[in-house]
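Participant: What follows is a structure written as C-alpha cells; I'll ask about it next.
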Amino acid sequence: MKIHILPGDSLVAPFEKTNIEGEIVVCRECLIDGDLAVDGLDNFWRERENYLSAAYPKTDNFYRDNVKTEFEKLLNVSAGDEINLWFEYELFCQTNMWFCLSLVQDKDANVFRVAPIVRTENDLWKGFGGLSESDLKKCFANRIEFGDEDILLGKHLWEAFQNKDARRLEDLSETKSDCFPHLKEVCQAAIELQSRPKARLQTIVSAGEDDFHKVFEEFNKTEGIYGFGDLQVKRIYDEIAR
C-alpha cells in the first residue's frame with residue numbers, strides 16, 4: 001500500500017492533478033494549538049475533539065469522522081508499505097508531522113519526506129501553496145527517505161512538544177538530519193509558542209493597527225515560521241482586545 005499524507009484539504013485537488021499513485025490521507029489536525037499532554041490514544045482523541053469542537057466549532061462528529069479516521073489509517077499500515085509525508089517547514093506542519101511519525105514509528109514501513117520547493121528565502125514558510133502540478137511532481141521526485149534514527153527523532157520531537165519540554169526541544173534541535181531542515185529555528189518557535197506570537201500581535205496592535213486583515217499580514221511578515229492561519233491569529237488577537 002502507498003499512502004500520501006497531505007497537510008490539508010487545499011492540497012488535495014492540486015495533488016490529484018499530478019496522477020501520482022497512492023491513497024490520500026488528509027491531516028486536518030491543529031496540534032500547534034491546545035493541550036496535548038494526554039496519556040493513551042483514546043484519551044488523546046477525546047480531549048482533542050472536546051478542545052477543537054469548542055475552539056473551532058464544526059458540524060457534530062466532525063473530529064471523529066474527518067480527523068481521527070484519517071489518522072487511524074496510519075495505524076493500519078503494514079511492514080513494507082510506503083508512507084509519503086507531504087509536510088511544509090513551519091511549526092504548524094512540523095508538529096503534525098512529528099505526530100504522524102510517532103504513530104508509524106513501530107510499523108516497519110518505508111517512510112519518505114516530501115518537502116515544498118523553496119525558490120527564495122521569502123517563500124520558505126509558504127509551503128506548497130501556489131506550486132504548479134509540475135512543481136509538485138518535482139517535490140515528489142526529490143523526496144527523502146526517513147532512516148530509523150530520523151523516525152525516532154520525529155517521535156522524540158513529538159513527545160517533547162506534547163509535554164512542553166523546552167530543554168528537550170532545545171537539545172533535539174541540535175540534531176542534524178536532512179529530513180528535518182530548519183529544525184533549530186522551528187524548535188525555538190515551539191519553545192516560544194506561548195509568548196512570542198502574542199507579544200508580536202501586541203506590538204502590532206499597540207502601533208495603532210486595528211484592521212485584522214492588516215494585523216494578520218503584518219504578523220506573517222515576521223512570524224511565518226508558526227504557520228498560523230487566520231483562525232489561530234484571530235483567537236490571540238481577540239484575547240488581546242479583551
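We name chains A, B, ... following the order of the C-alpha cells; residues begin at 1 in each chain, and ligands are numbered from 1 as shown.
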Give me, as a list of chain:residue names, all polymer residues having an atom no more than 8 Å from segment 22-24 of chain A, counting only C-alpha atoms and skipping those fewer than 5 positions away in the same chain.
Facilitator: A:Met1, A:Lys2, A:Ile3, A:His4, A:Ile5, A:Leu6, A:Val12
Participant: Show me, as a tab-separated table (two decimals) with N, CA and C atoms, in the first residue's frame, the residues that have an atom within 10 Å of Tyr56 of chain A when counting only C-alpha atoms, minus same-chain residues fewer than 2 positions from it.
Facilitator:
chain	number	residue	atom	x	y	z
A	51	TYR	N	-11.59	19.89	22.75
A	51	TYR	CA	-10.96	21.20	22.65
A	51	TYR	C	-11.27	21.87	21.32
A	52	LEU	N	-11.05	21.15	20.23
A	52	LEU	CA	-11.23	21.77	18.91
A	52	LEU	C	-12.69	22.06	18.60
A	53	SER	N	-13.59	21.24	19.12
A	53	SER	CA	-15.01	21.49	18.90
A	53	SER	C	-15.45	22.79	19.56
A	54	ALA	N	-14.80	23.12	20.70
A	54	ALA	CA	-15.11	24.37	21.39
A	54	ALA	C	-14.39	25.56	20.76
A	58	LYS	N	-17.44	23.05	14.47
A	58	LYS	CA	-17.76	22.45	13.18
A	58	LYS	C	-19.06	21.69	13.35
A	231	LEU	N	-7.54	31.85	11.69
A	231	LEU	CA	-8.30	31.46	12.87
A	231	LEU	C	-7.43	31.46	14.12
A	232	GLN	N	-6.20	30.95	14.00
A	232	GLN	CA	-5.30	30.93	15.16
A	232	GLN	C	-4.90	32.35	15.57
A	235	ARG	N	-7.82	34.26	17.29
A	235	ARG	CA	-8.07	33.90	18.70
A	235	ARG	C	-7.15	34.67	19.63
Participant: Which residues, written as a PyMOL selection string, have at least one atom at most 12 Å from Lys221 of chain A, with only C-alpha atoms counted and residues fewer than 3 positions away on the same chain left out?
Facilitator: chain A and resi 122-126+200-201+204+214-218+224-228
Participant: Which residue gives the smallest distance to Ile20 of chain A among A:Ser173, A:Ser206, A:Gln194, A:Ser134, with only C-alpha atoms counted?
Facilitator: A:Ser134
Participant: From the set A:Asp106, A:Lys68, A:Leu101, A:Ile151, which residue has the shortest atom-to-atom contact distance to Gly80 of chain A, counting only C-alpha atoms?
Facilitator: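 Using only C-alpha atoms, the shortest distance to Gly80 of chain A belongs to A:Asp106.
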Participant: Just to confirm, what's the straight-line distance from atom CA of Ala109 of chain A to atom CA of Asp81 of chain A in Å (one decimal)?
Facilitator: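 Atom CA of Asp81 of chain A lies 5.0 Å from atom CA of Ala109 of chain A.
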Participant: Would you mind telling me which residue in A:Asn61, A:Asn84, A:Gln202, A:Thr69 lies nearest to Val111 of chain A when using only C-alpha atoms?
Facilitator: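 For Val111 of chain A, the nearest of the candidates is A:Asn84.
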